[in-house]
There are 4 protein chains.
Amino acid sequence: LPLIDCLVTTDALAAVFSDESVLQAMLDFEVALAEAAAETGAIPGEAAAHIRQSARSETFDASEIAHAAHASATPAIPLVKALTERVRAVDQRSADSVHWSATSQDVTDSALVLLLARARQHVAADHARLTSKLRSLSDEHASTVMLARTLLQAAAPTTFGLKAAGWHAAAETSWQRVAAAWDDVTVVQYGGAAGTRAAAGPDAARVAARIAEKLGLRPSAPWHSNRDRLGAFVAACGLYVAALGKIARDVALLMQTEIAEVAERGGGSSAMPHKRNPSQSVLVLAAAARMPGVVSQSLTSMIHEHERSAGGGQAEWSIVADAVQTTGSAAAAAACLLDGLSIDAGRMRANLDATQGVIFAERASILLTRRLGRERAAQLVSDAVMRAQQHNQSFGDAIRSMPEAAAALDAKVLADFDRPETWLGDAEAIRRELLS
Amino acid sequence: LPLIDCLVTTDALAAVFSDESVLQAMLDFEVALAEAAAETGAIPGEAAAHIRQSARSETFDASEIAHAAHASATPAIPLVKALTERVRAVDQRSADSVHWSATSQDVTDSALVLLLARARQHVAADHARLTSKLRSLSDEHASTVMLARTLLQAAAPTTFGLKAAGWHAAAETSWQRVAAAWDDVTVVQYGGAAGTRAAAGPDAARVAARIAEKLGLRPSAPWHSNRDRLGAFVAACGLYVAALGKIARDVALLMQTEIAEVAERGGGSSAMPHKRNPSQSVLVLAAAARMPGVVSQSLTSMIHEHERSAGGGQAEWSIVADAVQTTGSAAAAAACLLDGLSIDAGRMRANLDATQGVIFAERASILLTRRLGRERAAQLVSDAVMRAQQHNQSFGDAIRSMPEAAAALDAKVLADFDRPETWLGDAEAIRRELLS
Amino acid sequence: LPLIDCLVTTDALAAVFSDESVLQAMLDFEVALAEAAAETGAIPGEAAAHIRQSARSETFDASEIAHAAHASATPAIPLVKALTERVRAVDQRSADSVHWSATSQDVTDSALVLLLARARQHVAADHARLTSKLRSLSDEHASTVMLARTLLQAAAPTTFGLKAAGWHAAAETSWQRVAAAWDDVTVVQYGGAAGTRAAAGPDAARVAARIAEKLGLRPSAPWHSNRDRLGAFVAACGLYVAALGKIARDVALLMQTEIAEVAERGGGSSAMPHKRNPSQSVLVLAAAARMPGVVSQSLTSMIHEHERSAGGGQAEWSIVADAVQTTGSAAAAAACLLDGLSIDAGRMRANLDATQGVIFAERASILLTRRLGRERAAQLVSDAVMRAQQHNQSFGDAIRSMPEAAAALDAKVLADFDRPETWLGDAEAIRRELLS
Amino acid sequence: LPLIDCLVTTDALAAVFSDESVLQAMLDFEVALAEAAAETGAIPGEAAAHIRQSARSETFDASEIAHAAHASATPAIPLVKALTERVRAVDQRSADSVHWSATSQDVTDSALVLLLARARQHVAADHARLTSKLRSLSDEHASTVMLARTLLQAAAPTTFGLKAAGWHAAAETSWQRVAAAWDDVTVVQYGGAAGTRAAAGPDAARVAARIAEKLGLRPSAPWHSNRDRLGAFVAACGLYVAALGKIARDVALLMQTEIAEVAERGGGSSAMPHKRNPSQSVLVLAAAARMPGVVSQSLTSMIHEHERSAGGGQAEWSIVADAVQTTGSAAAAAACLLDGLSIDAGRMRANLDATQGVIFAERASILLTRRLGRERAAQLVSDAVMRAQQHNQSFGDAIRSMPEAAAALDAKVLADFDRPETWLGDAEAIRRELLS
C-alpha cells in the first residue's frame, strides 16, 4: 500500500499489483507456455520442468527489471533475460526453451489479465457487501418519509427506502456490466511476433488452448492490437464508480451538520475533536474524481498502430492497474460506509416539517387547478407559500384557512393535505421495481 | 450542419439535433403525456386534442426558448410556458392541462431519448456498410501477404485479410455493445417532481406506460438521478469510435507516400495539386481525438445530487449530442473510407521484399536454436542480418550460404525459408475466427 | 443559440461561432491575404479589390460548404472554391489570385484565431462584473461571521468576507492566465503548403506581417503543427472554469433549504411553485462538468504529425469553440449569480450557534493542552462535547462549569470562549492579502 | 520503481514519491512547524528538539500509516499519532506540542509541495539536455533538405533544421510555463482548522513565514480550498508532455522501416532479432496518452467544497504524483531519444527524390497561373503529375518538355525547377526565429 496512493487503493489490491505479484504473473505465463510447449513436443519436458523451477518471483530483482524495461519499452525483455539466466544456471540447454515462440506482449498482456483475475474476488466481495446492505436499508426504510431534494432544494416527500433502492439499482446494474467485462477480459494473450503464431508451428492453436487452461483463462484469438475488451472493462469500472459516487455524494450531503439525516460511523480530524467526518464517502468521491480521467486514458490508448502499438499499449499497465485499484477502493469504502451508516428517521421528518409544508405547493397547485383553473390556483398557492414563509403559519393551514381553496378540495384531501404519507405516489411500487 | 462543427458531425445527425427537431421532441412528450392523461380521465380529452394541435415546432421560436432557458437552467420551463400560451389562445381551460403532473426533467430526458432513438438508424446504416465492406475486404485478401508491423517497424509476414478481420472484430464487438446500450437507453422518463409520480394519482403507472407506448419508448421506473443507462450509452460509443480510430490510424499509416499499400479515394489540398489525402481516415481520427473527453464528461456528470442534479444533468444534453454526432461522424467517414479503399497487393509484397528478408530472423532464430542452442543461433542470425543490411545479400541467401546454418535446417525449410507464405502460422484460422 | 446547447453557451458567444461569423472570419483572412499580396505586387491590386468585394459571408451558403468539407476534411477547400467562383463572376483573371500562396490551414487557423479575438470582450466583461462583485461582497462582509465547513461538516468560525476573498483570488489569478493566453494565441497563421512560405517568394515575411496587421492579430512564425498556444489557451480556460465552479458549488451548498445562508435571485420549477433554485450556480457547475473533458480533448489533439496533422487538427475547431463557449457560459452565469446573490448574515450566525459551541472544541483543546497536557485536555473536551450534544448545554457553558477546565483558562478567555469573533485568527489579514 | 508503473516513471522520481520520501516530507513539515512555534514561544524549545529528533522516517511504518489513513481519509492523522507516540516515548510533555495549531491538510499539502520541489531538478535536467540537443540538431541540419509531410503525405520540401526548431520551440515555450508553475506552486500550506490560523494566536503570520523559510518554500495565504496553483502546475505539465509527444510521434514516424530518415539508438524485441524499435519515442507517447486524463482528473478535483473538500482533495496526492512522474518519464525518454538519434540526410533526400518531383506541383501551379491563368495552369500541372506518376518521367522533366509551360517560365527557374534547395522559402529565417 504505497503511501502516496493510500487513499485510492486498498491493501488487497495494492498486493495484487505489487512487484512480487506482477513478477509472478509474468513468470506464470512463461511456465504455462513452457509446459504447453512440452506437451506438444515443441520443447523438452525437462526444459519445462527447469523453467517452472526457476520461475519463482522471490529470486528476481523487480527493481532491476523495472529499470531495464526502459531500454526496450517493455519489462518482458529483461524478465525473459533474467529467467533465461536462472534456467541456464540449472541446465544450459533448457535455457534455449525459455519464452519459446512468444513475443513480449504475450507476456505483458497475459500477466495483466492474470492480475485482473486475481483482483476480482476482492472487489466482488465488497460489492456483495454493499448491495446487500443497500437492499436491507431500503426494505427497513420503505416507509421512512423524507424530503426529496432537487437542485439541492426541498422538493416534495419521498421515502428513504426509495432513495436507497435507487442507489441499489445503479450499483447493481453497473456491477453486472463490470462482472460481464471481467469474464470477457480474462483471456489469454498468445500470438507471437506478428499475431499469427507462426513460430509455434502446426500445434499453435493447441499450445494456445493449453496455456489458457493452465492459467485459468479463456482462450482467444491474439488481441495484440484489439483492445476492445480491455477498454470495455475499464469503461465498466468507470460507470460502476460513478454509481457509487452518487451514493457517496448523497450521503455526504445528508450528513451535513445542518441536515444530519444520516451519519457515517465516521473519521475524526487532526485539529477538531468534535468532528465526525464522512470519511468513507470522501474516499468514494476521491475515486469518482479520478475514474473519468482513467477511462479517457484507456480510450485514448486503445488506438494501437498496426500489429503492436507505439505508445498506447505501453501506457496500459498503469491505466488498468489504476482503474482496478480505484474501483476497488470505491467499493471497499462504499461497503464500509453503508455498514456503518445510521439513519435518523426523526431528523428526516423534522427537516421535512421545517419546510412549513411549502413542499405541498405542487400538490395544491395540481388539485386547485382542476377546479379553479391554473391562474387562480397559482394565485392561491402563491399566497399560501408567502404566508408559510413569512408568517409562521403552515402551508396546509394557510390553504385550509382560505375559503376558496378549502371549498375546492375534498374534506379528506383537505385534512390530509400536508401529511407526507398521503403524497408519496408510487414510491413503494417503484422501490420494489428498482430492487427486483 | 453548423460550419464550426462540420468535421465532427453529419448532415443527418445535425438535423436530428437541430432546433426544430429538439423542440419537436419536447413537444412530442407533452402531447403523449396529455393524451395518456386524457385516456385515464385525468385531463379532458379535448384538452389533449388542443395540446396536440398546438404542439407544432414550427410555431415556436427556438432561440427565444434557448435564451429564456438560462433563467431556470432548463429549456423545459420556457417551452411549457410557450406551449401553454398557444393552447390558451385556442382554449382557456385546456391550457390548465398542459404539462399535467410532470416535471421539467421528464420533458428534457424524454426528449433526449427520443432524439437518440431518431439518430440510431443513421449510425446503424453506416455501421452496416462498413462492416460488410470489412468482411469482404478480409475475404478477398485472405492470402494477400503483407508486413506485420510492430512499434511501426517491419516485424514478420501477415495477411491483409487477417488485418481487416481484426478491424472487423473490434468494430463489430463494440457495435454490439452500442446497439445494446441503445436499446437500454431509449426508455421514457416520467417521474414528476420528486420521482414518485405523486401528482399523477392512482393511475400514474398506467399513464407512464401509455406515454412510453405512444413515443415508441420502453417503460421505466423514473431515472432522474440514475444516469447509468445514459452513461453506458456514451461509454459504448467511446469504445466503438476507438475501434474505428484504430482502422483509420492503420489506413492513414498504410497510405503514407513511402508505404502506399492502400489508398483512400482521397481528398485534395488547397495548395498542392499532386496530393491525395487520407481525408476520411482523418475525420475518423478527429472523432477519436474527441470521444475520450466526451466519455469523461459523461462519467463526471453522472453523479446527480439527491433526486435531481445541480450541474451534472444540465450538461448532459450537450454531452450526449456530442457523443452521438461524433460517433455518427466516425461511422460515416469510416464507411466512406472503406467504400473507396483500394488495396495494392503488389506494393505490399514489394515493401515486404524490401526488407531483404530480415523479417525472417525470428524464424531463423527459432529453427536454429533447436539444433545449435540459443547462443550459437543468435550469433549466426546476427551475422546474416548484418549481411542483409550491409551487403545487399538477402537474409535467406545469407543463411543458405552459411554452412553451419544450412546444415542445421531441412532442405525444404531452407529453400522456403524466406517465402512469406510459409511463415504465416495460423493467420487464416485466426482470420476466420475473428470474422465468425 | 442552438437549443441543444442552450445551457452551455451564451447568446453572444453562439453568435461569434455562428455560420455567418465563421464564414466571414475565413473570408476576412482571404481578403487580408489578397490585399497584402497586392501591396507587395504579388497579385494585381484590382484582384484584391474584387476579392474584398466578393468576400461577403451573406452571399455564401454555409451548409453547402460545411457539407462539402467532408470530402477533403477541411472547410477551407470548398470555401476557397466558392470564393473563386464569385470572384470569377466579377472578373476572370482576378479569380487566379484567390488564396494565393496559402494553404487550407492558414485559413482555418487564422479564422479560428479571429473568432477567439472576437469572443474575448464578452467573456472579459462578465469576468470584470463578477470580480468586482466578489470584491464588494468580501469588503461588505469582512466581519460577517459564519461557519467554516470542512468535509461538509461544521468546523470553526470564519467570515463570509474571507470566503468571498478566496473565491476572488482564484477567479482573478486564473483569469490573468486566461488573459495572457488570449494575448498569446491571437496570432496570424500563414505558412503555405509546407510551413516555409515558399510560394510567397521573397516578400513572404512582409506579406505575413501585413496580413497580421490587417486582421488585428500579432505576427508569428507558422505554427501549423505547434499547437502550444492553442492548448495553453484551452487549459487556462479549464482552470478558470474550475475556479468559478468552486464558487458555484459553495453557493449551491449554502443555498440548500436547511442552510439558507445565501440565495440566488433564483429560477423556478415547472412543477413546484414554492421552489427557488440555484439556477446560475447550476449553469456554472454544468460548465465545470464539461471543461475537464474539453481540456483533455485539446491536449490529446495537440500531437500533430509532421507538418500538418492527420486527425488532431481537424478536431480543434469544435474543441476550441466548446472551450470558449463553456467558459463564457460559466462567466456569464457566475456574474449573474453574484449580481443577484443575497447574503443572510443572521442565518449564518444562527447556523453557527446551532452547533452549541462544539466548534470551539479545537480552541479548548489547544488552550487546555498547554496547561493540563494533551491527554487530560482531550478528556475534558470530550466530556464537554458530549454534554453539548446530548444535554442541550452549550459547549462553552460546559467548559465553564468544569472546575478543572475553568481553572486552567484566563478569566477573559473563559468568558469569550465561545464568541466566534474572538476565534477568527488572521481571517481579516488573510482576506486583505487575497484581495490585493 | 514499481514494476507495474515502470514505463511511466523514472528511478529518480519513483524515489521522490517512495514511502520513505513521502513520510519524511510530512515529518519535515511537523519539524518546521514545531521549530517555528518554539521560536515564537508557543511551544517549548525542548519540545521542538524532541520532535525533530523523533521525526526520522526510517522509524515509522509507512504501510501501517497508509492502512490507517482509510479510517479518516487522510494519512496525516495516523502520522501525527505515530509521531506523538515517538515523542512521548522520549518526553511526555513534549508530545503535547506535536502538530500544534495545524490541521491535517497543512501536513499533506505542504508535504506534497515539498515532494514537488524535490522532483524539480530531475525533470529540469532532462529538459535542459533535450533542448540543448534539439538546438544543436537544428543548427547542424539547417540545410538538410527533407520532405515536409501533411496529413502523412509528401507535401513540399523543408529542412530538418526547421523541423527540429519547431520541436524546440514548443518544448521550450511549454517548459517556461512548467517552470513558472513550479515556482508558483511551491508554497507552504499553513492555515489551521478553518484556514484562519486561529489556533496559532497572534504570532500566526510569523509562524507561517518561518515554516516556509525552514522548508525552502515561499509563504502564502492558506490555500486549503483554492487549488489554482496546483491545477495550473498539472496543466502546464500536460502541455509540456504534448510538446514532447509531438517530437516522439514524428520520430517514430520518420523511423518507420520504409522511411528510415532517423533512427533511435533503439531497443530490441524479445522475439525478433532484426528489430530496432523506437523505444524512447514509445515511452514519450505512453506518457502523452496518459497526461490528458491526468489533467482532466486534476481539473475535476479542483472544486473543493467550502473550507476543505469532500473528495477532490483526497484524490490529489495520486493525481499530482502521476502528473510529475509522467512528465518526468516523458522528459527522460525524450532526452535519451534525442541523445541517441541519428539522422540520415541521404535517406531524406532519397525519399524526396522518390516522389519524382510531384511535390513541386504547387510551385508549378503558382508560377504558371501568373502567366496562363489558373485553369490552364491546372491543366498543365495535372498532365505533368500524371506523367510523373505513370511514366517514370520526373515532374520537372515533364514540365520542361511541355512547350507552353516551358515558355511561361524563366530559364533559370525552369532549370532549378525541381531542385528543392530553391523552394525552401523562408525556412531558414523561420528556423532562426523559432530558436531565438
# chains A, B, ... in the order shown; residues from 1 in each chain; ligands from 1

call {"tool": "select_by_dssp", "arguments": {"residues": "region 132-197 of chain C", "states": "strand (DSSP E)", "output": "list in words"}}
result
Val145, Met146, Leu147, Ala148, Arg149, Thr150, Gln153, Ala154, Ala155, Ala156, Pro157, Thr158 and Thr159 of chain C

call {"tool": "write_last_selection", "arguments": {"atoms": "N, CA, C and O atoms", "output": "compact mmCIF listing (two decimals), in the first residue's frame"}}
result
# COMPACT_ATOMS: atom_id res chain seq x y z
N VAL C 145 -19.60 36.86 10.50
CA VAL C 145 -19.10 35.58 10.98
C VAL C 145 -19.98 34.44 10.46
O VAL C 145 -21.20 34.56 10.41
N MET C 146 -19.34 33.37 10.09
CA MET C 146 -20.09 32.19 9.64
C MET C 146 -19.27 30.93 9.96
O MET C 146 -18.12 31.02 10.37
N LEU C 147 -19.89 29.81 9.74
CA LEU C 147 -19.20 28.55 9.92
C LEU C 147 -18.23 28.28 8.78
O LEU C 147 -18.62 28.36 7.61
N ALA C 148 -17.01 27.95 9.10
CA ALA C 148 -16.18 27.27 8.12
C ALA C 148 -16.63 25.83 8.15
O ALA C 148 -17.00 25.29 9.21
N ARG C 149 -16.63 25.22 6.99
CA ARG C 149 -17.07 23.82 6.92
C ARG C 149 -15.99 22.99 6.22
O ARG C 149 -15.54 23.35 5.14
N THR C 150 -15.61 21.91 6.84
CA THR C 150 -14.61 21.05 6.22
C THR C 150 -15.20 19.65 6.07
O THR C 150 -15.89 19.17 6.98
N GLN C 153 -18.71 19.35 7.09
CA GLN C 153 -19.10 19.40 8.49
C GLN C 153 -18.70 20.74 9.10
O GLN C 153 -17.68 21.32 8.72
N ALA C 154 -19.49 21.20 10.03
CA ALA C 154 -19.16 22.43 10.76
C ALA C 154 -17.78 22.28 11.37
O ALA C 154 -17.50 21.30 12.07
N ALA C 155 -16.92 23.30 11.15
CA ALA C 155 -15.54 23.17 11.61
C ALA C 155 -15.21 24.20 12.68
O ALA C 155 -14.99 23.85 13.84
N ALA C 156 -15.20 25.46 12.32
CA ALA C 156 -14.76 26.52 13.23
C ALA C 156 -15.25 27.81 12.60
O ALA C 156 -15.70 27.82 11.46
N PRO C 157 -15.18 28.94 13.30
CA PRO C 157 -15.70 30.16 12.68
C PRO C 157 -14.76 30.71 11.62
O PRO C 157 -13.55 30.56 11.69
N THR C 158 -15.35 31.36 10.66
CA THR C 158 -14.61 32.15 9.68
C THR C 158 -15.49 33.34 9.35
O THR C 158 -16.49 33.57 10.04
N THR C 159 -15.13 34.10 8.32
CA THR C 159 -16.03 35.19 7.90
C THR C 159 -16.45 34.97 6.45
O THR C 159 -15.72 34.35 5.67

call {"tool": "closest_atom_pairs", "arguments": {"of": "chain D", "to": "chain B", "cutoff": "10 Å", "atoms": "only C-alpha atoms", "output": "JSON lines"}}
result
{"residue": "D:Arg149", "atom": "CA", "partner": "B:Thr257", "partner_atom": "CA", "distance": 9.1}
{"residue": "D:Thr150", "atom": "CA", "partner": "B:Asn277", "partner_atom": "CA", "distance": 8.5}
{"residue": "D:Leu151", "atom": "CA", "partner": "B:Asn277", "partner_atom": "CA", "distance": 6.4}
{"residue": "D:Leu152", "atom": "CA", "partner": "B:Gln256", "partner_atom": "CA", "distance": 5.5}
{"residue": "D:Gln153", "atom": "CA", "partner": "B:Thr257", "partner_atom": "CA", "distance": 5.4}
{"residue": "D:Ala154", "atom": "CA", "partner": "B:Thr257", "partner_atom": "CA", "distance": 6.0}
{"residue": "D:Ala155", "atom": "CA", "partner": "B:Met272", "partner_atom": "CA", "distance": 7.2}
{"residue": "D:Ala156", "atom": "CA", "partner": "B:Met272", "partner_atom": "CA", "distance": 8.4}
{"residue": "D:Ala252", "atom": "CA", "partner": "B:Leu152", "partner_atom": "CA", "distance": 7.1}
{"residue": "D:Leu253", "atom": "CA", "partner": "B:Leu152", "partner_atom": "CA", "distance": 7.4}
{"residue": "D:Leu254", "atom": "CA", "partner": "B:Leu152", "partner_atom": "CA", "distance": 9.7}
{"residue": "D:Met255", "atom": "CA", "partner": "B:Gln153", "partner_atom": "CA", "distance": 7.9}
{"residue": "D:Gln256", "atom": "CA", "partner": "B:Gln153", "partner_atom": "CA", "distance": 5.5}
{"residue": "D:Thr257", "atom": "CA", "partner": "B:Gln153", "partner_atom": "CA", "distance": 5.4}
{"residue": "D:Glu258", "atom": "CA", "partner": "B:Glu258", "partner_atom": "CA", "distance": 6.2}
{"residue": "D:Ile259", "atom": "CA", "partner": "B:Glu258", "partner_atom": "CA", "distance": 6.3}
{"residue": "D:Ala260", "atom": "CA", "partner": "B:Gln153", "partner_atom": "CA", "distance": 9.8}
{"residue": "D:Ser269", "atom": "CA", "partner": "B:Ala155", "partner_atom": "CA", "distance": 9.6}
{"residue": "D:Ser270", "atom": "CA", "partner": "B:Glu362", "partner_atom": "CA", "distance": 9.5}
{"residue": "D:Ala271", "atom": "CA", "partner": "B:Glu362", "partner_atom": "CA", "distance": 6.1}
{"residue": "D:Met272", "atom": "CA", "partner": "B:Glu362", "partner_atom": "CA", "distance": 4.7}
{"residue": "D:Pro273", "atom": "CA", "partner": "B:Ala361", "partner_atom": "CA", "distance": 6.0}
{"residue": "D:His274", "atom": "CA", "partner": "B:Ala361", "partner_atom": "CA", "distance": 6.0}
{"residue": "D:Lys275", "atom": "CA", "partner": "B:Gln153", "partner_atom": "CA", "distance": 7.3}
{"residue": "D:Arg276", "atom": "CA", "partner": "B:Gln153", "partner_atom": "CA", "distance": 7.7}
{"residue": "D:Asn277", "atom": "CA", "partner": "B:Leu151", "partner_atom": "CA", "distance": 6.4}
{"residue": "D:Pro278", "atom": "CA", "partner": "B:Leu151", "partner_atom": "CA", "distance": 7.0}
{"residue": "D:Ser279", "atom": "CA", "partner": "B:Leu151", "partner_atom": "CA", "distance": 8.2}
{"residue": "D:Ser281", "atom": "CA", "partner": "B:Leu151", "partner_atom": "CA", "distance": 9.7}
{"residue": "D:Val282", "atom": "CA", "partner": "B:Leu151", "partner_atom": "CA", "distance": 7.7}
{"residue": "D:Pro292", "atom": "CA", "partner": "B:Gly293", "partner_atom": "CA", "distance": 8.8}
{"residue": "D:Gly293", "atom": "CA", "partner": "B:Gly293", "partner_atom": "CA", "distance": 8.3}
{"residue": "D:Ser296", "atom": "CA", "partner": "B:Ser296", "partner_atom": "CA", "distance": 8.3}
{"residue": "D:Gln297", "atom": "CA", "partner": "B:Ser296", "partner_atom": "CA", "distance": 9.4}
{"residue": "D:Thr300", "atom": "CA", "partner": "B:Thr300", "partner_atom": "CA", "distance": 8.1}
{"residue": "D:Asn351", "atom": "CA", "partner": "B:Glu258", "partner_atom": "CA", "distance": 7.5}
{"residue": "D:Leu352", "atom": "CA", "partner": "B:Glu258", "partner_atom": "CA", "distance": 9.8}
{"residue": "D:Ala354", "atom": "CA", "partner": "B:Glu258", "partner_atom": "CA", "distance": 8.5}
{"residue": "D:Thr355", "atom": "CA", "partner": "B:Thr257", "partner_atom": "CA", "distance": 8.1}
{"residue": "D:Gly357", "atom": "CA", "partner": "B:His274", "partner_atom": "CA", "distance": 9.9}
{"residue": "D:Val358", "atom": "CA", "partner": "B:His274", "partner_atom": "CA", "distance": 6.1}
{"residue": "D:Ile359", "atom": "CA", "partner": "B:His274", "partner_atom": "CA", "distance": 6.8}
{"residue": "D:Phe360", "atom": "CA", "partner": "B:Met272", "partner_atom": "CA", "distance": 8.3}
{"residue": "D:Ala361", "atom": "CA", "partner": "B:Pro273", "partner_atom": "CA", "distance": 6.0}
{"residue": "D:Glu362", "atom": "CA", "partner": "B:Met272", "partner_atom": "CA", "distance": 4.8}
{"residue": "D:Arg363", "atom": "CA", "partner": "B:Met272", "partner_atom": "CA", "distance": 8.5}
{"residue": "D:Ala364", "atom": "CA", "partner": "B:Pro273", "partner_atom": "CA", "distance": 9.5}
{"residue": "D:Ser365", "atom": "CA", "partner": "B:Pro273", "partner_atom": "CA", "distance": 7.8}
{"residue": "D:Ile366", "atom": "CA", "partner": "B:Ala271", "partner_atom": "CA", "distance": 9.1}
{"residue": "D:Ala378", "atom": "CA", "partner": "B:Pro273", "partner_atom": "CA", "distance": 7.9}
{"residue": "D:Val381", "atom": "CA", "partner": "B:Pro273", "partner_atom": "CA", "distance": 7.6}
{"residue": "D:Ser382", "atom": "CA", "partner": "B:Pro273", "partner_atom": "CA", "distance": 7.3}
{"residue": "D:Ala384", "atom": "CA", "partner": "B:His274", "partner_atom": "CA", "distance": 9.6}
{"residue": "D:Val385", "atom": "CA", "partner": "B:His274", "partner_atom": "CA", "distance": 6.4}
{"residue": "D:Met386", "atom": "CA", "partner": "B:His274", "partner_atom": "CA", "distance": 9.0}
{"residue": "D:Gln389", "atom": "CA", "partner": "B:His274", "partner_atom": "CA", "distance": 9.7}

call {"tool": "atom_distance", "arguments": {"atom1": "CA of Arg206 (chain C)", "atom2": "CA of Thr40 (chain C)"}}
result
7.9 Å

call {"tool": "atom_distance", "arguments": {"atom1": "CA of Gly245 (chain D)", "atom2": "CA of Ala287 (chain C)"}}
result
28.5 Å

call {"tool": "atom_distance", "arguments": {"atom1": "CA of Ala333 (chain B)", "atom2": "CA of Ala242 (chain B)"}}
result
13.6 Å

call {"tool": "closest_residue", "arguments": {"among": "D:Met402, D:Val320, D:Ala117, D:Ala208", "to": "Ala377 (chain D)", "atoms": "only C-alpha atoms"}}
result
D:Met402

call {"tool": "residues_around", "arguments": {"residues": "region 25-36 of chain D", "least_positions_apart": "3", "cutoff": "6 Å", "atoms": "only C-alpha atoms", "output": "compact mmCIF listing (two decimals) with N, CA, C and O atoms, in the first residue's frame"}}
result
# COMPACT_ATOMS: atom_id res chain seq x y z
N VAL D 22 7.92 10.27 1.12
CA VAL D 22 6.63 10.89 1.46
C VAL D 22 6.52 11.07 2.97
O VAL D 22 6.14 12.13 3.47
N GLU D 39 10.19 29.13 18.26
CA GLU D 39 10.80 30.46 18.11
C GLU D 39 9.89 31.58 18.59
O GLU D 39 10.35 32.60 19.09
N ALA D 48 10.38 21.15 20.60
CA ALA D 48 10.78 21.18 19.18
C ALA D 48 11.97 20.27 18.95
O ALA D 48 12.03 19.53 17.95
N ARG D 52 12.01 17.11 16.45
CA ARG D 52 12.99 16.91 15.37
C ARG D 52 13.68 15.55 15.51
O ARG D 52 13.82 14.82 14.53
N ALA D 55 11.51 12.64 14.42
CA ALA D 55 10.86 12.69 13.10
C ALA D 55 11.75 12.10 12.01
O ALA D 55 11.98 12.73 10.99
N VAL D 107 -0.42 19.49 6.72
CA VAL D 107 0.64 18.49 6.58
C VAL D 107 0.67 17.91 5.17
O VAL D 107 1.71 17.86 4.52
N ALA D 111 3.56 18.70 2.48
CA ALA D 111 4.39 17.56 2.09
C ALA D 111 4.38 17.38 0.58
O ALA D 111 5.42 17.17 -0.05
N VAL D 207 4.75 32.62 12.40
CA VAL D 207 4.96 31.17 12.36
C VAL D 207 4.90 30.68 10.90
O VAL D 207 5.76 29.91 10.45
N ARG D 210 8.03 31.57 9.02
CA ARG D 210 9.20 30.80 9.43
C ARG D 210 9.13 29.34 8.93
O ARG D 210 10.16 28.76 8.57
N ILE D 211 7.94 28.78 8.95
CA ILE D 211 7.82 27.40 8.42
C ILE D 211 8.26 27.38 6.96
O ILE D 211 9.05 26.52 6.53

call {"tool": "select_by_dssp", "arguments": {"residues": "region 77-220 of chain A", "states": "alpha helix (DSSP H)", "output": "ChimeraX atom specification"}}
result
/A:77-90,104-140,160-185,204-215

call {"tool": "residues_around", "arguments": {"residues": "region 171-178 of chain D", "least_positions_apart": "4", "cutoff": "8 Å", "atoms": "only C-alpha atoms", "output": "list in words"}}
result
Asp228 of chain C; His127, Thr131, Trp167, Trp182, Phe233, Ala236, Cys237, Leu239, Tyr240, Ala243 and Leu244 of chain D

call {"tool": "residues_around", "arguments": {"residues": "Arg371 (chain B)", "least_positions_apart": "6", "cutoff": "10 Å", "atoms": "only C-alpha atoms", "output": "PyMOL selection string"}}
result
chain B and resi 377+405+407-409

call {"tool": "residues_around", "arguments": {"residues": "Met302 (chain C)", "least_positions_apart": "3", "cutoff": "12 Å", "atoms": "only C-alpha atoms", "output": "compact mmCIF listing (two decimals) with C-alpha atoms, in the first residue's frame"}}
result
# COMPACT_ATOMS: atom_id res chain seq x y z
CA ALA B 286 -10.70 13.64 -35.34
CA ALA B 289 -9.48 12.52 -30.51
CA ARG B 290 -12.73 13.91 -29.14
CA TRP C 223 2.52 27.17 -36.22
CA HIS C 224 0.73 24.54 -38.32
CA SER C 225 1.86 21.71 -36.13
CA ASN C 226 2.88 23.57 -32.98
CA ARG C 227 -0.37 23.86 -31.04
CA ASP C 228 1.16 25.01 -27.80
CA ARG C 229 -0.55 28.40 -27.68
CA LEU C 230 -3.94 26.95 -28.53
CA GLY C 231 -3.55 24.23 -25.94
CA ALA C 232 -2.42 26.72 -23.32
CA VAL C 234 -7.87 25.95 -23.55
CA ALA C 235 -6.07 24.81 -20.41
CA VAL C 295 -9.12 20.28 -21.95
CA SER C 296 -8.25 16.62 -22.28
CA GLN C 297 -9.54 16.65 -25.87
CA SER C 298 -7.39 19.65 -26.57
CA LEU C 299 -4.26 18.08 -25.09
CA GLU C 305 2.03 14.65 -37.21
CA HIS C 306 4.92 16.26 -39.11
CA ARG C 308 0.16 19.07 -40.66
CA SER C 309 -1.86 16.71 -38.58
CA ALA C 310 -3.97 13.76 -39.60
CA GLY C 311 -6.81 13.96 -37.10
CA GLY C 312 -5.89 16.15 -34.17
CA GLY C 313 -6.07 19.42 -36.03
CA GLN C 314 -9.34 18.56 -37.68
CA ALA C 315 -10.97 18.23 -34.26
CA GLU C 316 -9.76 21.59 -33.00
CA ILE C 319 -12.85 21.77 -29.23
CA VAL C 320 -11.81 25.39 -29.06
CA ALA D 170 7.16 24.02 -28.41
CA GLY D 238 0.14 18.39 -19.72
CA LEU D 239 1.08 20.98 -22.31
CA TYR D 240 4.76 20.14 -21.98
CA VAL D 241 4.20 16.43 -22.41
CA ALA D 242 2.10 17.15 -25.50
CA ALA D 243 5.04 19.09 -26.96
CA LEU D 244 7.33 16.14 -26.29
CA GLY D 245 4.70 13.79 -27.65
CA LYS D 246 4.74 15.59 -30.97
CA ILE D 247 8.51 15.10 -31.20
CA ARG D 249 5.34 10.88 -32.82
CA ALA D 288 1.34 11.56 -23.80
CA ALA D 289 -1.51 9.05 -23.80
CA MET D 291 -1.43 13.08 -19.40
CA PRO D 292 -4.69 14.44 -20.84

call {"tool": "residues_around", "arguments": {"residues": "Ser21 (chain C)", "least_positions_apart": "5", "cutoff": "9 Å", "atoms": "only C-alpha atoms", "output": "compact mmCIF listing (two decimals) with N, CA and C atoms, in the first residue's frame"}}
result
# COMPACT_ATOMS: atom_id res chain seq x y z
N ALA C 15 -23.28 33.60 -31.22
CA ALA C 15 -23.20 34.45 -32.42
C ALA C 15 -21.78 34.47 -32.98
N VAL C 16 -20.80 34.51 -32.10
CA VAL C 16 -19.41 34.51 -32.57
C VAL C 16 -19.11 33.25 -33.37
N MET C 26 -13.23 33.37 -42.14
CA MET C 26 -12.41 32.75 -43.20
C MET C 26 -12.22 33.73 -44.35
N SER C 57 -19.97 37.27 -46.42
CA SER C 57 -20.48 35.98 -45.98
C SER C 57 -21.94 35.75 -46.36
N LEU C 115 -11.96 34.46 -34.49
CA LEU C 115 -13.16 34.22 -33.68
C LEU C 115 -12.83 34.33 -32.20
